[in-house]
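**Student:** Structure file coords09.cif (mmCIF, N, CA and C atoms) is given on the next line.
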```cif
data_upload
#
loop_
_atom_site.label_atom_id
_atom_site.label_comp_id
_atom_site.auth_asym_id
_atom_site.auth_seq_id
_atom_site.Cartn_x
_atom_site.Cartn_y
_atom_site.Cartn_z
N MET N 1434 -9.94 46.17 56.35
CA MET N 1434 -10.57 45.10 57.08
C MET N 1434 -11.11 44.02 56.13
N TYR N 1435 -11.73 44.47 55.03
CA TYR N 1435 -12.28 43.53 54.06
C TYR N 1435 -11.19 42.67 53.45
N ILE N 1436 -10.05 43.28 53.15
CA ILE N 1436 -8.94 42.55 52.54
C ILE N 1436 -8.42 41.48 53.49
N ALA N 1437 -8.27 41.81 54.75
CA ALA N 1437 -7.81 40.84 55.74
C ALA N 1437 -8.80 39.70 55.89
N TRP N 1438 -10.06 39.99 55.78
CA TRP N 1438 -11.10 38.97 55.90
C TRP N 1438 -11.18 38.10 54.64
N LYS N 1439 -10.98 38.70 53.49
CA LYS N 1439 -11.11 38.01 52.20
C LYS N 1439 -9.83 37.29 51.80
N SER N 1440 -8.70 37.69 52.33
CA SER N 1440 -7.40 37.13 51.95
C SER N 1440 -7.31 35.61 52.11
N PRO N 1441 -7.73 35.02 53.22
CA PRO N 1441 -7.65 33.56 53.34
C PRO N 1441 -8.50 32.84 52.28
N GLU N 1442 -9.65 33.40 51.96
CA GLU N 1442 -10.51 32.79 50.95
C GLU N 1442 -9.85 32.84 49.57
N ILE N 1443 -9.22 33.95 49.27
CA ILE N 1443 -8.51 34.09 47.99
C ILE N 1443 -7.35 33.10 47.93
N SER N 1444 -6.61 32.98 49.02
CA SER N 1444 -5.49 32.03 49.06
C SER N 1444 -5.99 30.59 48.90
N GLU N 1445 -7.09 30.27 49.57
CA GLU N 1445 -7.65 28.93 49.48
C GLU N 1445 -8.10 28.63 48.05
N ASP N 1446 -8.73 29.60 47.41
CA ASP N 1446 -9.16 29.42 46.03
C ASP N 1446 -7.97 29.22 45.10
N ALA N 1447 -6.90 29.97 45.33
CA ALA N 1447 -5.70 29.85 44.50
C ALA N 1447 -5.06 28.47 44.67
N ILE N 1448 -4.99 27.99 45.91
CA ILE N 1448 -4.43 26.66 46.17
C ILE N 1448 -5.30 25.59 45.51
N TYR N 1449 -6.61 25.73 45.64
CA TYR N 1449 -7.54 24.78 45.04
C TYR N 1449 -7.38 24.76 43.52
N ASP N 1450 -7.34 25.95 42.91
CA ASP N 1450 -7.18 26.05 41.45
C ASP N 1450 -5.87 25.43 41.00
N ARG N 1451 -4.81 25.67 41.74
CA ARG N 1451 -3.49 25.10 41.40
C ARG N 1451 -3.53 23.57 41.50
N ALA N 1452 -4.17 23.06 42.53
CA ALA N 1452 -4.27 21.61 42.69
C ALA N 1452 -5.05 20.99 41.53
N ILE N 1453 -6.14 21.63 41.13
CA ILE N 1453 -6.93 21.14 40.00
C ILE N 1453 -6.10 21.15 38.73
N GLU N 1454 -5.36 22.22 38.49
CA GLU N 1454 -4.50 22.29 37.31
C GLU N 1454 -3.46 21.17 37.30
N GLN N 1455 -2.87 20.90 38.45
CA GLN N 1455 -1.88 19.83 38.54
C GLN N 1455 -2.51 18.47 38.30
N LEU N 1456 -3.69 18.24 38.84
CA LEU N 1456 -4.37 16.96 38.62
C LEU N 1456 -4.74 16.78 37.15
N ILE N 1457 -5.19 17.84 36.52
CA ILE N 1457 -5.51 17.77 35.09
C ILE N 1457 -4.25 17.47 34.29
N SER N 1458 -3.17 18.11 34.65
CA SER N 1458 -1.90 17.88 33.96
C SER N 1458 -1.45 16.43 34.11
N ILE N 1459 -1.53 15.91 35.32
CA ILE N 1459 -1.15 14.51 35.57
C ILE N 1459 -2.05 13.57 34.78
N ARG N 1460 -3.35 13.87 34.77
CA ARG N 1460 -4.30 13.04 34.01
C ARG N 1460 -3.92 13.00 32.53
N GLU N 1461 -3.57 14.14 31.96
CA GLU N 1461 -3.21 14.20 30.54
C GLU N 1461 -1.91 13.44 30.26
N ILE N 1462 -0.95 13.56 31.17
CA ILE N 1462 0.31 12.83 31.01
C ILE N 1462 0.06 11.33 31.05
N LYS N 1463 -0.72 10.88 32.03
CA LYS N 1463 -1.03 9.45 32.15
C LYS N 1463 -1.82 8.96 30.93
N LYS N 1464 -2.74 9.77 30.46
CA LYS N 1464 -3.52 9.43 29.27
C LYS N 1464 -2.60 9.21 28.08
N SER N 1465 -1.64 10.11 27.92
CA SER N 1465 -0.68 9.99 26.83
C SER N 1465 0.20 8.76 26.98
N GLU N 1466 0.64 8.48 28.21
CA GLU N 1466 1.46 7.29 28.46
C GLU N 1466 0.71 6.01 28.12
N ILE N 1467 -0.55 5.94 28.52
CA ILE N 1467 -1.36 4.75 28.25
C ILE N 1467 -1.58 4.59 26.75
N LYS N 1468 -1.89 5.69 26.06
CA LYS N 1468 -2.09 5.63 24.61
C LYS N 1468 -0.81 5.17 23.92
N ASN N 1469 0.32 5.71 24.32
CA ASN N 1469 1.60 5.30 23.73
C ASN N 1469 1.88 3.83 23.99
N HIS N 1470 1.55 3.35 25.18
CA HIS N 1470 1.75 1.93 25.50
C HIS N 1470 0.94 1.05 24.55
N PHE N 1471 -0.34 1.37 24.37
CA PHE N 1471 -1.18 0.56 23.50
C PHE N 1471 -0.76 0.67 22.04
N ASP N 1472 -0.35 1.87 21.61
CA ASP N 1472 0.14 2.03 20.24
C ASP N 1472 1.39 1.19 20.01
N THR N 1473 2.31 1.22 20.97
CA THR N 1473 3.54 0.43 20.86
C THR N 1473 3.23 -1.06 20.84
N THR N 1474 2.33 -1.49 21.71
CA THR N 1474 1.95 -2.90 21.76
C THR N 1474 1.29 -3.33 20.46
N ALA N 1475 0.41 -2.51 19.91
CA ALA N 1475 -0.25 -2.83 18.64
C ALA N 1475 0.77 -2.94 17.51
N THR N 1476 1.73 -2.04 17.48
CA THR N 1476 2.77 -2.09 16.45
C THR N 1476 3.61 -3.35 16.60
N LEU N 1477 3.97 -3.69 17.82
CA LEU N 1477 4.75 -4.90 18.07
C LEU N 1477 3.98 -6.14 17.64
N LEU N 1478 2.71 -6.22 18.00
CA LEU N 1478 1.90 -7.38 17.62
C LEU N 1478 1.74 -7.48 16.11
N ALA N 1479 1.55 -6.35 15.45
CA ALA N 1479 1.43 -6.36 13.99
C ALA N 1479 2.73 -6.83 13.35
N THR N 1480 3.85 -6.39 13.89
CA THR N 1480 5.15 -6.82 13.38
C THR N 1480 5.34 -8.32 13.58
N LEU N 1481 5.01 -8.80 14.76
CA LEU N 1481 5.16 -10.23 15.05
C LEU N 1481 4.22 -11.08 14.20
N ALA N 1482 3.04 -10.57 13.90
CA ALA N 1482 2.06 -11.33 13.13
C ALA N 1482 2.57 -11.65 11.73
N PHE N 1483 3.43 -10.81 11.20
CA PHE N 1483 3.95 -11.03 9.85
C PHE N 1483 5.29 -11.75 9.84
N ASP N 1484 5.82 -12.06 11.00
CA ASP N 1484 7.10 -12.77 11.10
C ASP N 1484 6.87 -14.25 10.76
N PRO N 1485 7.56 -14.77 9.74
CA PRO N 1485 7.35 -16.17 9.34
C PRO N 1485 7.59 -17.17 10.47
N SER N 1486 8.56 -16.93 11.32
CA SER N 1486 8.82 -17.88 12.40
C SER N 1486 7.66 -17.89 13.41
N ILE N 1487 7.05 -16.75 13.63
CA ILE N 1487 5.89 -16.67 14.51
C ILE N 1487 4.70 -17.39 13.86
N GLN N 1488 4.52 -17.17 12.57
CA GLN N 1488 3.43 -17.84 11.87
C GLN N 1488 3.61 -19.36 11.92
N ASN N 1489 4.84 -19.82 11.73
CA ASN N 1489 5.11 -21.26 11.82
C ASN N 1489 4.84 -21.79 13.23
N ALA N 1490 5.24 -21.05 14.23
CA ALA N 1490 5.03 -21.47 15.61
C ALA N 1490 3.53 -21.57 15.92
N ILE N 1491 2.77 -20.59 15.46
CA ILE N 1491 1.32 -20.63 15.69
C ILE N 1491 0.70 -21.84 15.00
N ARG N 1492 1.12 -22.09 13.77
CA ARG N 1492 0.62 -23.25 13.05
C ARG N 1492 0.96 -24.54 13.79
N ASP N 1493 2.20 -24.64 14.28
CA ASP N 1493 2.63 -25.83 15.03
C ASP N 1493 1.82 -25.99 16.32
N PHE N 1494 1.57 -24.89 17.01
CA PHE N 1494 0.76 -24.96 18.23
C PHE N 1494 -0.66 -25.42 17.92
N GLU N 1495 -1.22 -24.90 16.84
CA GLU N 1495 -2.57 -25.30 16.47
C GLU N 1495 -2.62 -26.79 16.13
N GLN N 1496 -1.61 -27.28 15.42
CA GLN N 1496 -1.56 -28.71 15.09
C GLN N 1496 -1.40 -29.55 16.36
N ALA N 1497 -0.57 -29.10 17.27
CA ALA N 1497 -0.37 -29.83 18.52
C ALA N 1497 -1.66 -29.85 19.34
N LYS N 1498 -2.36 -28.74 19.37
CA LYS N 1498 -3.63 -28.67 20.10
C LYS N 1498 -4.65 -29.62 19.48
N THR N 1499 -4.70 -29.66 18.16
CA THR N 1499 -5.63 -30.55 17.46
C THR N 1499 -5.30 -32.00 17.76
N SER N 1500 -4.02 -32.33 17.80
CA SER N 1500 -3.63 -33.72 18.07
C SER N 1500 -3.97 -34.12 19.51
N LEU N 1501 -3.99 -33.19 20.43
CA LEU N 1501 -4.38 -33.49 21.81
C LEU N 1501 -5.85 -33.88 21.89
N TYR N 1502 -6.67 -33.23 21.08
CA TYR N 1502 -8.10 -33.52 21.11
C TYR N 1502 -8.44 -34.85 20.45
N LEU N 1503 -7.52 -35.39 19.66
CA LEU N 1503 -7.77 -36.65 18.97
C LEU N 1503 -7.55 -37.85 19.87
N TRP N 1504 -6.97 -37.68 21.01
CA TRP N 1504 -6.67 -38.80 21.91
C TRP N 1504 -7.90 -39.30 22.51
#
```
Could you spell out this file's structure in structure tokens?
**Tutor:**
Amino acid sequence: MYIAWKSPEISEDAIYDRAIEQLISIREIKKSEIKNHFDTTATLLATLAFDPSIQNAIRDFEQAKTSLYLW
């Protein structure tokens, strides 16, 4: 009798525990994806910052911006 009465509670606890484990797993996967995204973006920006054509373009934009303020 006790087993029949306790069985639904045990099943509910197992389902709850499984759901929590899955949510934690998803959270860790998303955390890793976000970290990888920012790491990739930082690497790309660092690479672009040292590209001479990018440096020239930034300098040209700064000069153009300065000339706009002189009007």
**Student:** Just give me the gap between atom C of Ile1462 in chain N and atom N of Thr1480 in chain N in Å, one decimal is fine.
**Tutor:**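 That distance, rounded to one decimal, is 25.0 Å.
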**Student:** Around all the atoms of range 1458-1476 of chain N listed in the file, draw an axis-aligned box and extend it by 4 Å on each of the six sides; I want its centre and edge lengths in Å to one decimal, as lines of an AutoDock Vina configuration file.
**Tutor:**
```
center_x = -0.3
center_y = 7.4
center_z = 26.0
size_x = 15.9
size_y = 29.5
size_z = 27.1
```
**Student:** For atom N of Lys1464 in chain N and atom C of Arg1451 in chain N, quote the distance in Å rounded to one decimal.
**Tutor:**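 Atom-to-atom, atom N of Lys1464 in chain N to atom C of Arg1451 in chain N, that is 17.7 Å.
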**Student:** Can you work out the spacing between atom N of Glu1495 in chain N and atom C of Phe1483 in chain N in Å, to one decimal?
**Tutor:**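 Atom-to-atom, atom N of Glu1495 in chain N and atom C of Phe1483 in chain N are spaced 16.3 Å apart.
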